[in-house]
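Asker: final_33.txt is the file, holding compact mmCIF, C-alpha atoms:
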# COMPACT_ATOMS: atom_id res chain seq x y z
CA MET A 52 6.43 14.49 -9.55
CA LEU A 53 5.29 10.86 -9.66
CA LEU A 54 5.46 10.90 -13.46
CA ALA A 55 9.07 12.06 -13.29
CA GLU A 56 9.80 9.31 -10.75
CA ARG A 57 8.21 6.72 -13.05
CA ASP A 58 10.35 7.97 -15.95
CA ARG A 59 13.44 7.59 -13.75
CA LEU A 60 12.45 4.03 -12.86
CA ASN A 61 11.90 3.24 -16.53
CA GLU A 62 15.43 4.36 -17.34
CA TYR A 63 16.85 2.50 -14.32
CA PHE A 64 15.30 -0.89 -15.11
CA ALA A 65 16.16 -0.57 -18.80
CA ALA A 66 19.85 -0.09 -17.96
CA ILE A 67 20.59 -2.64 -15.22
CA PRO A 68 21.18 -6.44 -15.44
CA PRO A 69 18.31 -8.81 -14.58
CA MET A 70 17.33 -8.63 -10.92
CA THR A 71 14.60 -9.52 -8.44
CA VAL A 72 12.60 -6.49 -7.28
CA LEU A 73 10.56 -6.47 -4.08
CA ALA A 74 7.55 -4.17 -4.43
CA VAL A 75 5.88 -3.41 -1.10
CA GLN A 76 2.41 -1.91 -0.68
CA ASP A 77 0.94 -0.47 2.50
CA THR A 78 -1.29 2.32 3.79
CA THR A 79 -0.74 4.93 6.48
CA ASP A 80 -3.04 7.69 7.73
CA LEU A 81 -2.19 11.36 8.16
CA ASP A 82 -4.24 12.99 10.92
CA LEU A 83 -4.84 16.66 10.04
CA THR A 84 -7.63 17.33 12.53
CA GLY A 85 -7.54 20.97 13.60
CA LYS A 86 -5.17 22.07 10.83
CA ARG A 87 -6.07 24.85 8.39
CA VAL A 88 -6.98 22.42 5.64
CA SER A 89 -9.24 20.23 7.81
CA GLY A 90 -12.47 22.01 6.82
CA LYS A 91 -11.83 21.25 3.13
CA ILE A 92 -10.99 17.54 3.29
CA GLY A 93 -12.74 14.35 4.28
CA SER A 94 -12.39 12.05 7.26
CA LEU A 95 -10.40 9.08 8.48
CA ASN A 96 -11.92 6.31 10.61
CA TYR A 97 -14.30 8.72 12.37
CA ALA A 98 -16.24 11.59 10.84
CA HIS A 99 -14.65 14.13 13.18
CA ARG A 100 -11.11 12.90 12.50
CA LYS A 101 -9.90 14.73 9.39
CA GLY A 102 -7.02 13.68 7.17
CA TYR A 103 -5.78 11.52 4.31
CA TYR A 104 -5.12 7.86 3.85
CA VAL A 105 -1.94 7.47 1.81
CA HIS A 106 -1.28 4.15 0.08
CA ASN A 107 2.36 3.84 -0.98
CA HIS A 108 4.05 1.35 -3.28
CA LEU A 109 7.83 1.17 -2.81
CA LEU A 110 10.46 -0.80 -4.71
CA PHE A 111 13.47 -2.46 -3.05
CA ASP A 112 16.16 -4.91 -4.06
CA THR A 113 16.54 -8.17 -2.14
CA LYS A 114 19.11 -6.56 0.19
CA GLY A 115 16.54 -3.99 1.28
CA ILE A 116 18.02 -1.06 -0.65
CA GLY A 117 15.27 1.29 -1.86
CA LEU A 118 14.91 1.74 -5.61
CA GLY A 119 12.13 4.32 -5.64
CA LEU A 120 8.49 5.25 -5.06
CA PHE A 121 6.52 3.33 -7.68
CA ASP A 122 3.10 4.83 -6.98
CA GLN A 123 0.91 6.55 -4.41
CA ASP A 124 -2.84 6.89 -3.79
CA MET A 125 -4.45 9.47 -1.51
CA TRP A 126 -8.05 9.67 -0.35
CA SER A 127 -10.30 10.52 2.58
CA ARG A 128 -13.81 9.39 3.49
CA GLN A 129 -16.89 11.47 2.80
CA ALA A 130 -19.93 11.70 5.07
CA GLU A 131 -21.95 9.13 3.09
CA TYR A 132 -19.27 6.48 3.75
CA PHE A 133 -20.22 6.11 7.40
CA GLY A 134 -23.15 3.98 8.49
CA GLN A 135 -23.39 1.90 5.32
CA ASN A 136 -23.26 -1.87 4.91
CA ARG A 137 -20.11 -2.05 2.81
CA SER A 138 -20.07 -5.84 2.68
CA LEU A 139 -22.55 -5.65 -0.21
CA TRP A 140 -20.41 -3.26 -2.26
CA PRO A 141 -18.58 -4.57 -5.36
CA LEU A 142 -14.81 -4.63 -5.05
CA GLU A 143 -14.41 -1.65 -7.39
CA ASP A 144 -16.24 0.55 -4.86
CA LYS A 145 -14.26 -0.61 -1.84
CA GLU A 146 -11.10 1.01 -0.51
CA SER A 147 -9.42 -2.39 -0.68
CA HIS A 148 -9.53 -2.13 -4.47
CA ARG A 149 -6.40 0.04 -4.23
CA TRP A 150 -4.32 -3.10 -3.59
CA LEU A 151 -5.55 -4.68 -6.80
CA ARG A 152 -5.23 -1.44 -8.77
CA GLN A 153 -1.63 -1.03 -7.65
CA PHE A 154 -0.80 -4.66 -8.43
CA LEU A 155 -2.23 -4.32 -11.95
CA SER A 156 -0.16 -1.18 -12.45
CA LEU A 157 2.99 -2.97 -11.29
CA GLN A 158 2.21 -5.91 -13.54
CA ALA A 159 1.77 -3.64 -16.57
CA PHE A 160 5.03 -1.84 -15.79
CA PHE A 161 7.19 -4.96 -15.47
CA ALA A 162 5.59 -6.56 -18.51
CA GLY A 163 7.89 -4.15 -20.34
CA PHE A 164 10.93 -5.56 -18.50
CA PRO A 165 10.65 -9.37 -18.85
CA GLN A 166 14.31 -9.75 -17.83
CA HIS A 167 13.44 -8.70 -14.26
CA THR A 168 11.33 -10.53 -11.66
CA ALA A 169 9.00 -8.46 -9.45
CA VAL A 170 7.40 -9.72 -6.23
CA ASP A 171 4.53 -7.60 -4.88
CA ILE A 172 4.41 -7.97 -1.08
CA CYS A 173 1.24 -7.13 0.84
CA ASP A 174 0.14 -7.47 4.44
CA ARG A 175 -3.16 -9.03 5.47
CA GLU A 176 -5.36 -6.27 4.03
CA GLY A 177 -4.29 -7.31 0.54
CA ASP A 178 -5.40 -10.91 1.08
CA PHE A 179 -8.39 -11.46 -1.19
CA TYR A 180 -9.05 -13.82 -4.09
CA GLU A 181 -9.17 -11.17 -6.82
CA MET A 182 -5.51 -10.28 -6.20
CA PHE A 183 -4.31 -13.79 -7.01
CA GLN A 184 -6.81 -14.23 -9.82
CA ALA A 185 -5.53 -11.04 -11.52
CA ARG A 186 -1.96 -12.26 -11.99
CA SER A 187 -1.13 -12.71 -15.68
CA ALA A 188 2.53 -11.68 -16.20
CA ALA A 189 4.98 -14.58 -15.82
CA ASN A 190 7.68 -12.36 -14.28
CA VAL A 191 5.42 -10.68 -11.69
CA HIS A 192 4.47 -12.51 -8.48
CA LEU A 193 2.49 -11.97 -5.29
CA LEU A 194 3.47 -12.61 -1.67
CA ILE A 195 0.64 -11.92 0.76
CA ARG A 196 0.14 -12.68 4.44
CA SER A 197 -3.09 -14.60 4.88
CA ASN A 198 -5.77 -12.74 6.83
CA LYS A 199 -8.57 -15.32 6.94
CA ASP A 200 -8.79 -19.05 6.48
CA LYS A 201 -9.74 -20.16 2.97
CA GLU A 202 -11.56 -23.00 1.28
CA LEU A 203 -9.26 -25.23 -0.76
CA ALA A 204 -10.11 -27.25 -3.83
CA SER A 205 -9.26 -30.37 -1.81
CA GLY A 206 -12.22 -29.70 0.48
CA GLU A 207 -9.91 -28.81 3.35
CA LYS A 208 -9.17 -25.42 4.94
CA LEU A 209 -5.94 -23.51 4.30
CA TRP A 210 -4.73 -22.96 7.85
CA PRO A 211 -5.16 -26.54 9.14
CA THR A 212 -3.58 -27.84 5.93
CA LEU A 213 -0.46 -25.73 6.48
CA ALA A 214 -0.31 -26.71 10.16
CA ALA A 215 -0.43 -30.41 9.27
CA GLN A 216 2.75 -30.25 7.15
CA THR A 217 6.11 -31.52 8.35
CA ALA A 218 8.49 -28.88 9.66
CA PHE A 219 11.67 -29.36 7.64
CA HIS A 220 13.94 -27.13 9.66
CA ILE A 221 14.29 -24.62 12.46
CA TYR A 222 15.16 -21.13 11.25
CA LYS A 223 16.53 -18.08 13.04
CA ALA A 224 15.75 -14.60 11.77
CA LYS A 225 15.73 -11.01 13.00
CA ILE A 226 12.38 -9.26 12.84
CA PHE A 227 11.18 -5.84 13.93
CA ASP A 228 8.89 -4.98 16.81
CA ASP A 229 6.33 -2.15 16.70
CA LYS A 230 9.03 0.37 17.69
CA GLY A 231 11.38 -0.63 14.89
CA LYS A 232 13.86 -2.59 17.03
CA ARG A 233 15.21 -5.87 15.71
CA HIS A 234 15.01 -9.11 17.68
CA GLU A 235 16.28 -12.56 16.79
CA LEU A 236 13.62 -15.25 17.03
CA THR A 237 13.57 -18.94 16.21
CA PHE A 238 10.91 -20.23 13.82
CA ARG A 239 9.54 -23.50 12.53
CA VAL A 240 8.85 -23.32 8.79
CA LYS A 241 6.36 -25.49 6.90
CA PHE A 242 5.18 -25.31 3.30
CA CYS A 243 3.01 -27.00 0.69
CA ALA A 244 1.19 -26.37 -2.58
CA VAL A 245 -2.46 -25.33 -2.24
CA THR A 246 -5.33 -24.43 -4.56
CA ILE A 247 -7.70 -21.78 -3.25
CA LEU A 248 -11.32 -21.31 -4.29
CA ALA A 249 -13.00 -18.01 -5.12
CA ASN A 250 -14.51 -16.08 -2.23
CA TYR A 251 -18.20 -15.24 -2.06
CA ARG A 252 -17.84 -11.75 -3.54
CA ALA A 253 -15.86 -12.93 -6.56
CA GLY A 254 -18.33 -15.73 -7.20
CA ARG A 255 -21.19 -13.23 -6.98
CA ASP A 256 -19.70 -10.45 -9.11
CA GLN A 257 -17.65 -12.38 -11.71
CA PRO A 258 -18.70 -16.05 -11.67
CA GLU A 259 -17.30 -16.74 -15.15
CA GLN A 260 -13.78 -15.76 -13.98
CA SER A 261 -13.81 -17.32 -10.53
CA ASN A 262 -11.63 -20.37 -11.15
CA PRO A 263 -9.45 -22.09 -8.52
CA VAL A 264 -5.96 -20.59 -8.20
CA GLY A 265 -2.86 -22.64 -7.45
CA LEU A 266 -0.46 -21.12 -4.90
CA SER A 267 2.35 -22.01 -2.51
CA GLY A 268 1.63 -21.73 1.21
CA VAL A 269 4.36 -21.11 3.82
CA LEU A 270 3.71 -21.29 7.56
CA VAL A 271 6.14 -19.50 9.90
CA GLU A 272 5.67 -20.27 13.62
CA GLN A 273 7.77 -18.90 16.47
CA VAL A 274 9.16 -21.64 18.71
CA SER A 275 11.50 -19.52 20.85
CA PRO A 276 10.11 -18.18 24.18
CA LEU A 277 8.12 -14.95 24.17
CA GLN A 278 10.25 -11.86 24.66
CA ALA A 279 9.34 -8.87 26.82
CA TRP A 280 7.94 -6.89 23.88
CA GLN A 281 5.64 -9.71 22.74
CA LYS A 282 2.06 -10.42 23.74
CA LYS A 283 1.80 -13.54 21.57
CA PRO A 284 4.15 -15.58 19.37
CA VAL A 285 4.75 -14.67 15.74
CA VAL A 286 2.69 -16.73 13.29
CA TRP A 287 2.74 -15.88 9.58
CA ARG A 288 0.71 -17.75 6.99
CA LEU A 289 2.10 -16.63 3.66
CA LEU A 290 0.60 -17.20 0.22
CA THR A 291 2.67 -16.72 -2.91
CA THR A 292 2.55 -17.35 -6.64
CA LEU A 293 6.26 -18.22 -6.52
CA PRO A 294 7.12 -21.93 -6.52
CA VAL A 295 8.07 -23.35 -3.11
CA GLU A 296 9.30 -26.91 -3.46
CA SER A 297 12.23 -26.91 -1.05
CA PHE A 298 13.18 -25.54 2.34
CA GLU A 299 15.60 -23.13 0.68
CA GLN A 300 12.80 -21.68 -1.42
CA ALA A 301 10.58 -21.41 1.65
CA LEU A 302 13.31 -19.48 3.50
CA GLN A 303 13.65 -17.14 0.54
CA ILE A 304 9.93 -16.36 0.81
CA VAL A 305 10.29 -15.65 4.53
CA GLY A 306 13.27 -13.38 3.83
CA PHE A 307 11.28 -11.48 1.22
CA TYR A 308 8.38 -10.98 3.62
CA ILE A 309 10.68 -9.70 6.38
CA ARG A 310 11.69 -6.91 3.97
CA ARG A 311 8.07 -5.69 4.13
CA TRP A 312 9.04 -3.81 7.30
CA ARG A 313 10.95 -1.31 5.16
CA ILE A 314 7.67 0.41 4.25
CA GLU A 315 6.80 0.74 7.95
CA GLU A 316 10.11 2.55 8.37
CA PHE A 317 9.24 4.71 5.37
CA HIS A 318 5.99 5.82 7.00
CA TYR A 319 7.87 6.57 10.22
CA VAL A 320 10.33 8.77 8.30
CA LEU A 321 7.47 10.56 6.52
CA LYS A 322 5.72 11.38 9.79
CA GLN A 323 8.65 11.94 12.14
CA GLY A 324 11.10 13.42 9.66
CA CYS A 325 9.08 15.98 7.75
CA ARG A 326 6.23 16.07 10.30
CA ILE A 327 3.72 16.29 7.48
CA GLU A 328 0.87 16.06 10.01
CA ASP A 329 1.96 19.45 11.39
CA SER A 330 1.44 21.13 8.02
CA GLN A 331 -0.61 24.33 8.01
CA LEU A 332 -1.15 24.51 4.25
CA LYS A 333 -4.62 25.82 3.50
CA GLU A 334 -5.53 24.12 0.21
CA PRO A 335 -5.98 20.35 -0.33
CA GLN A 336 -4.10 20.36 -3.65
CA SER A 337 -1.12 22.13 -2.11
CA LEU A 338 -1.08 19.63 0.73
CA GLU A 339 -1.35 16.65 -1.62
CA ASN A 340 1.57 18.00 -3.66
CA ALA A 341 3.57 18.44 -0.46
CA ILE A 342 2.81 14.86 0.64
CA THR A 343 4.11 13.51 -2.68
CA PHE A 344 7.22 15.70 -2.61
CA TYR A 345 8.07 14.70 0.94
CA SER A 346 7.36 11.05 0.15
CA LEU A 347 9.99 11.15 -2.59
CA LEU A 348 12.39 12.72 -0.12
CA ALA A 349 11.42 10.23 2.60
CA TRP A 350 12.52 7.20 0.60
CA LYS A 351 15.92 8.82 0.11
CA VAL A 352 16.19 9.47 3.86
CA LEU A 353 15.19 5.86 4.49
CA ASN A 354 17.77 4.63 2.00
CA LEU A 355 20.56 6.79 3.35
CA ARG A 356 19.89 5.76 6.93
CA TYR A 357 19.82 2.09 5.95
CA GLY A 358 23.02 2.36 3.94
CA ALA A 359 24.86 4.21 6.71
CA SER A 360 24.00 1.53 9.27
CA GLU A 361 24.09 -1.65 7.17
CA LEU A 362 26.32 -1.07 4.11
CA SER A 363 28.46 1.96 4.96
CA SER A 364 31.22 1.28 2.41
CA ALA A 365 28.85 0.81 -0.53
CA PRO A 366 28.89 3.48 -3.27
CA ILE A 367 26.35 6.28 -2.95
CA GLU A 368 25.00 5.50 -6.43
CA ASP A 369 23.51 2.28 -5.02
CA PHE A 370 21.29 4.42 -2.81
CA GLY A 371 19.97 6.88 -5.35
CA PHE A 372 22.63 9.61 -5.04
CA SER A 373 25.02 10.89 -7.68
CA ALA A 374 28.51 12.34 -8.03
CA LYS A 375 26.85 15.72 -8.54
CA ASP A 376 25.09 15.40 -5.16
CA PHE A 377 28.45 14.77 -3.50
CA PHE A 378 30.12 17.63 -5.38
CA VAL A 379 27.43 20.12 -4.28
CA LEU A 380 27.48 18.83 -0.70
CA ALA A 381 31.27 18.90 -0.38
CA THR A 382 31.56 22.34 -1.99
CA PHE A 383 29.01 23.85 0.38
CA LEU A 384 30.55 22.25 3.50
CA ASN A 385 34.00 23.49 2.47
CA HIS A 386 32.70 26.99 1.79
CA THR A 387 30.96 27.21 5.18
CA GLY A 388 33.93 25.74 7.03
CA ARG A 389 31.96 22.80 8.41
CA ALA A 390 34.27 20.21 6.83
CA LYS A 391 37.31 19.88 4.59
CA ILE A 392 36.41 17.58 1.73
CA ASP A 393 37.81 17.37 -1.79
CA PRO A 394 34.69 17.63 -3.99
CA CYS A 395 36.63 16.39 -7.03
CA LYS A 396 37.35 12.99 -5.49
CA PRO A 397 34.79 10.17 -5.32
CA CYS A 398 32.78 9.91 -2.12
CA PRO A 399 34.36 7.19 0.07
CA GLY A 400 31.02 5.48 0.73
CA VAL A 401 27.41 5.96 1.75
CA GLY A 402 28.36 5.99 5.44
CA GLU A 403 30.61 9.02 4.99
CA PHE A 404 28.03 10.65 2.73
CA ALA A 405 25.43 10.33 5.51
CA LYS A 406 27.80 12.05 7.96
CA TYR A 407 28.26 14.94 5.53
CA VAL A 408 24.49 15.24 5.04
CA LYS A 409 24.12 15.39 8.81
CA LEU A 410 26.53 18.36 8.85
CA LEU A 411 24.12 20.23 6.59
CA ALA A 412 21.49 19.92 9.29
CA THR A 413 23.73 20.70 12.24
CA ALA A 414 27.27 21.95 12.71
CA SER A 415 27.69 19.44 15.53
CA LYS A 416 30.23 16.71 14.84
CA SER A 417 28.82 14.38 17.49
CA LYS A 418 29.58 10.71 17.07
CA GLY A 419 26.95 8.11 16.39
CA PRO A 420 24.82 7.29 13.35
CA PRO A 421 22.74 10.12 11.89
CA GLY A 422 19.11 10.14 12.97
CA VAL A 423 15.99 10.48 10.85
CA LYS A 424 15.44 14.15 11.65
CA SER A 425 19.01 15.28 10.90
CA LEU A 426 19.09 13.31 7.64
CA TRP A 427 15.72 14.75 6.66
CA ILE A 428 16.81 18.34 7.26
CA GLY A 429 20.15 17.73 5.56
CA LEU A 430 18.66 16.12 2.45
CA GLU A 431 16.02 18.81 2.16
CA LYS A 432 18.80 21.42 2.15
CA LEU A 433 20.85 19.37 -0.29
CA TYR A 434 17.87 19.15 -2.65
CA PHE A 435 17.58 22.94 -2.84
CA LEU A 436 21.36 23.39 -3.07
CA ALA A 437 21.45 20.96 -6.00
CA LYS A 438 18.60 22.81 -7.73
CA ALA A 439 20.41 26.13 -7.23
CA PHE A 440 23.61 24.58 -8.58
CA GLU A 441 21.78 23.38 -11.71
CA ALA A 442 20.25 26.82 -12.27
CA ILE A 443 23.59 28.61 -11.91
CA THR A 444 25.39 26.08 -14.11
CA LEU A 445 22.81 26.41 -16.86
CA SER A 446 22.73 30.19 -16.67
CA LYS A 447 26.50 30.42 -17.05
CA ASN A 448 26.66 27.59 -19.58
CA LEU A 449 29.18 25.76 -17.37
CA CYS A 450 30.04 22.09 -17.35
CA VAL A 451 31.45 21.34 -13.92
CA LEU A 452 30.93 17.60 -13.89
Can you dump the structure from the file as structure tokens?

Answerer:
Amino acid sequence: MLLAERDRLNEYFAAIPPMTVLAVQDTTDLDLTGKRVSGKIGSLNYAHRKGYYVHNHLLFDTKGIGLGLFDQDMWSRQAEYFGQNRSLWPLEDKESHRWLRQFLSLQAFFAGFPQHTAVDICDREGDFYEMFQARSAANVHLLIRSNKDKELASGEKLWPTLAAQTAFHIYKAKIFDDKGKRHELTFRVKFCAVTILANYRAGRDQPEQSNPVGLSGVLVEQVSPLQAWQKKPVVWRLLTTLPVESFEQALQIVGFYIRRWRIEEFHYVLKQGCRIEDSQLKEPQSLENAITFYSLLAWKVLNLRYGASELSSAPIEDFGFSAKDFFVLATFLNHTGRAKIDPCKPCPGVGEFAKYVKLLATASKSKGPPGVKSLWIGLEKLYFLAKAFEAITLSKNLCVL
């Protein structure tokens, strides 16, 4: 399934004009304790807590529209993992190596598309020297939120150096809280060029490659009063391989990082939409296949929900759907009497398409934007309807579209 998705992405990037792609990495855990498969898989953060860690790598455009699932890693921890001093392990043996492995894969992929620019966005877990040191493709960049202070070639520390810069402007932006609600906050933005030194592990394991790396640092500090949902003000220390020489460039970096929340929404859709943690599949391989299948469906649910709420008049093709999808959907809804739609006319927009998908899940014509669960059920049905349509069309040698 992932190979087919990669083939689709290859065709997509070969066909479109040059663009900036935001690649976002992050990990979620799937707790399967007590499920049928739990005796055959490893553990999460505790030995008795069974499940999978799933590391996803999603692609978006700068508007936040999903382009696809670039890659996915799955693993669980075995008994020997617990109780060991992992600080002595080489990077290749650590779970954090997945960030670097995924970045190298992204870099290799976009090396074949030099007309596009890709920015790999990682949260604090991806903040380690080897990530920045591994960059080699001119059109592939990193944007990572700093986790720990770093030694600079100047002899200073990263965080105090950023704090000492002049704030060029006050900036207002909407960010998400832990429950996915957006809030407008006011920030002070500072930036400067920095050169970081290799960390201890890199100096120990690959001293001949541990050279200083030049980066741009951007400090984002909340200056507006704390809101009810906040325990402390927002402070982001961002490191990027992109040039930041003006306030406008700094704001672009902040805007890119805000898009990182889209993968948090993706994980919410995966858990709350398909309820993968409720699965009672017995075999690990079957479950892993199901996780990948539902992940591919989840990004479409995420995209459709986003389009319906933010860009309702945009064409459905911008969100990964086709004229055939609309034809199958409209034909079925007409046949069942749930709606009267002309399947031979173009879909009026992604907002209307989302309403029709909702009707697949429920006959209710209640007002309001479709929710995650109804879109999930509707798209799952549409997927199987489309597959049935393809099978019937091929068997009868028809050409409907």

Asker: Taking 3 positions as the minimum chain separation for residues in the same chain, which residues sit within 8 Å of region 437-440 of chain A when counting all atoms listed in the file? Answer as an NGL selection string.

Answerer: :A and (375-376 or 379 or 433-434 or 443-444)

Asker: For Leu73 (chain A), which residue out of A:Gln300, A:Ser156, A:Ser138, A:Thr168 is the nearest one, using all atoms listed in the file?

Answerer: A:Thr168

Asker: Measuring between all atoms listed in the file, which one of A:Lys145, A:Arg59, A:Lys396, A:Lys241 shows the shortest distance to Val305 (chain A)?

Answerer: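 Selected residue with least distance to Val305 (chain A): A:Lys241.
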
Asker: Give me the residues near region 324-332 of chain A as a PyMOL selection string, where near means some atom within 8 Å (using all atoms listed in the file) and where sequence neighbours in that chain fewer than 6 positions away do not count.

Answerer: chain A and resi 81-83+86-88+338+342+345+349+423-424+427-428

Asker: A:Gln273, A:Ser205, A:Gln257, A:Ser364: which is nearest Ile221 (chain A), counting all atoms listed in the file?

Answerer: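 Nearest to Ile221 (chain A): A:Gln273.
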
Asker: List the spatial neighbours of Ala381 (chain A) as a PyMOL selection string - criterion: any atom at most 9 Å away, only C-alpha atoms, same-chain residues fewer than 2 positions off excluded.

Answerer: chain A and resi 376-379+383-386+390-395+407

Asker: Could you save the residues just selected, with C-alpha atoms, as an mmCIF file, in the coordinates of the input?

Answerer:
data_model
loop_
_atom_site.group_PDB
_atom_site.id
_atom_site.type_symbol
_atom_site.label_atom_id
_atom_site.label_comp_id
_atom_site.auth_asym_id
_atom_site.auth_seq_id
_atom_site.Cartn_x
_atom_site.Cartn_y
_atom_site.Cartn_z
ATOM 1 C CA ASP A 376 25.090 15.400 -5.160
ATOM 2 C CA PHE A 377 28.450 14.770 -3.500
ATOM 3 C CA PHE A 378 30.120 17.630 -5.380
ATOM 4 C CA VAL A 379 27.430 20.120 -4.280
ATOM 5 C CA PHE A 383 29.010 23.850 0.380
ATOM 6 C CA LEU A 384 30.550 22.250 3.500
ATOM 7 C CA ASN A 385 34.000 23.490 2.470
ATOM 8 C CA HIS A 386 32.700 26.990 1.790
ATOM 9 C CA ALA A 390 34.270 20.210 6.830
ATOM 10 C CA LYS A 391 37.310 19.880 4.590
ATOM 11 C CA ILE A 392 36.410 17.580 1.730
ATOM 12 C CA ASP A 393 37.810 17.370 -1.790
ATOM 13 C CA PRO A 394 34.690 17.630 -3.990
ATOM 14 C CA CYS A 395 36.630 16.390 -7.030
ATOM 15 C CA TYR A 407 28.260 14.940 5.530
#

Asker: I'd like to know which of A:Gly388, A:Gly268, A:Gly254, A:Pro399 is closest to Glu368 (chain A), using all atoms listed in the file.

Answerer: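 Between A:Gly388, A:Gly268, A:Gly254, A:Pro399, the residue approaching Glu368 (chain A) most closely is A:Pro399.
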
Asker: For the atom pair CA of Val75 (chain A) and CA of Asp256 (chain A), what is the interatomic distance in Å to one decimal place?

Answerer: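 These atoms are spaced 27.7 Å apart.
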
Asker: Show which residues sit within 10 Å of Ala253 (chain A), as a PyMOL selection string. Count only C-alpha atoms, and ignore same-chain residues fewer than 5 positions away.

Answerer: chain A and resi 141-142+179-181+184+248+258-262

Asker: Of the candidates A:Leu411, A:Leu110, A:Val191, A:Ile304, which one gets nearest to Ser267 (chain A) if we count all atoms listed in the file?

Answerer: A:Ile304

Asker: Write out as a ChimeraX atom specification which residues come within 12 Å of Trp150 (chain A) when counting only C-alpha atoms, dropping same-chain ones fewer than 5 positions away.

Answerer: /A:74-78,106-108,122-124,142-143,145,155-157,171-183,185,193,195

Asker: Could those selected residues go to a file with C-alpha atoms, as a CSV table (one decimal), in the frame of the given file?

Answerer:
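Writing done, so here's selection26.csv:
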chain,number,residue,atom,x,y,z
A,74,ALA,CA,7.6,-4.2,-4.4
A,75,VAL,CA,5.9,-3.4,-1.1
A,76,GLN,CA,2.4,-1.9,-0.7
A,77,ASP,CA,0.9,-0.5,2.5
A,78,THR,CA,-1.3,2.3,3.8
A,106,HIS,CA,-1.3,4.2,0.1
A,107,ASN,CA,2.4,3.8,-1.0
A,108,HIS,CA,4.0,1.4,-3.3
A,122,ASP,CA,3.1,4.8,-7.0
A,123,GLN,CA,0.9,6.6,-4.4
A,124,ASP,CA,-2.8,6.9,-3.8
A,142,LEU,CA,-14.8,-4.6,-5.0
A,143,GLU,CA,-14.4,-1.6,-7.4
A,145,LYS,CA,-14.3,-0.6,-1.8
A,155,LEU,CA,-2.2,-4.3,-12.0
A,156,SER,CA,-0.2,-1.2,-12.4
A,157,LEU,CA,3.0,-3.0,-11.3
A,171,ASP,CA,4.5,-7.6,-4.9
A,172,ILE,CA,4.4,-8.0,-1.1
A,173,CYS,CA,1.2,-7.1,0.8
A,174,ASP,CA,0.1,-7.5,4.4
A,175,ARG,CA,-3.2,-9.0,5.5
A,176,GLU,CA,-5.4,-6.3,4.0
A,177,GLY,CA,-4.3,-7.3,0.5
A,178,ASP,CA,-5.4,-10.9,1.1
A,179,PHE,CA,-8.4,-11.5,-1.2
A,180,TYR,CA,-9.0,-13.8,-4.1
A,181,GLU,CA,-9.2,-11.2,-6.8
A,182,MET,CA,-5.5,-10.3,-6.2
A,183,PHE,CA,-4.3,-13.8,-7.0
A,185,ALA,CA,-5.5,-11.0,-11.5
A,193,LEU,CA,2.5,-12.0,-5.3
A,195,ILE,CA,0.6,-11.9,0.8

Asker: What is the CA of Leu430 (chain A) to CA of Ile309 (chain A) distance in Å?

Answerer: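 Computing it gives 27.3 Å between the two atoms.
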
Asker: CA of Gly102 (chain A) and CA of Tyr132 (chain A), how far apart in Å?

Answerer: 14.6 Å

Asker: Which is closest to Leu120 (chain A) among A:Tyr308, A:Trp210, A:Tyr251, A:Phe344, if we use all atoms listed in the file?

Answerer: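 Of A:Tyr308, A:Trp210, A:Tyr251, A:Phe344, the one nearest Leu120 (chain A) is A:Phe344, counting all atoms listed in the file.
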
Asker: Show me the residues close to (23.9, 2.4, 7.4) - anything with an atom within 12 Å, counting all atoms listed in the file - and format the list as number ranges by chain.

Answerer: A: 115-116, 352-367, 370, 400-406, 419-423, 426

Asker: Specify the axis-aligned box that encloses all atoms of region 252-264 of chain A listed in the file after padding of 8 Å on each side, stating its centre and edge lengths in Å to one decimal as JSON.

Answerer:
{"center_x": -13.6, "center_y": -16.3, "center_z": -9.3, "size_x": 31.2, "size_y": 27.6, "size_z": 27.6}
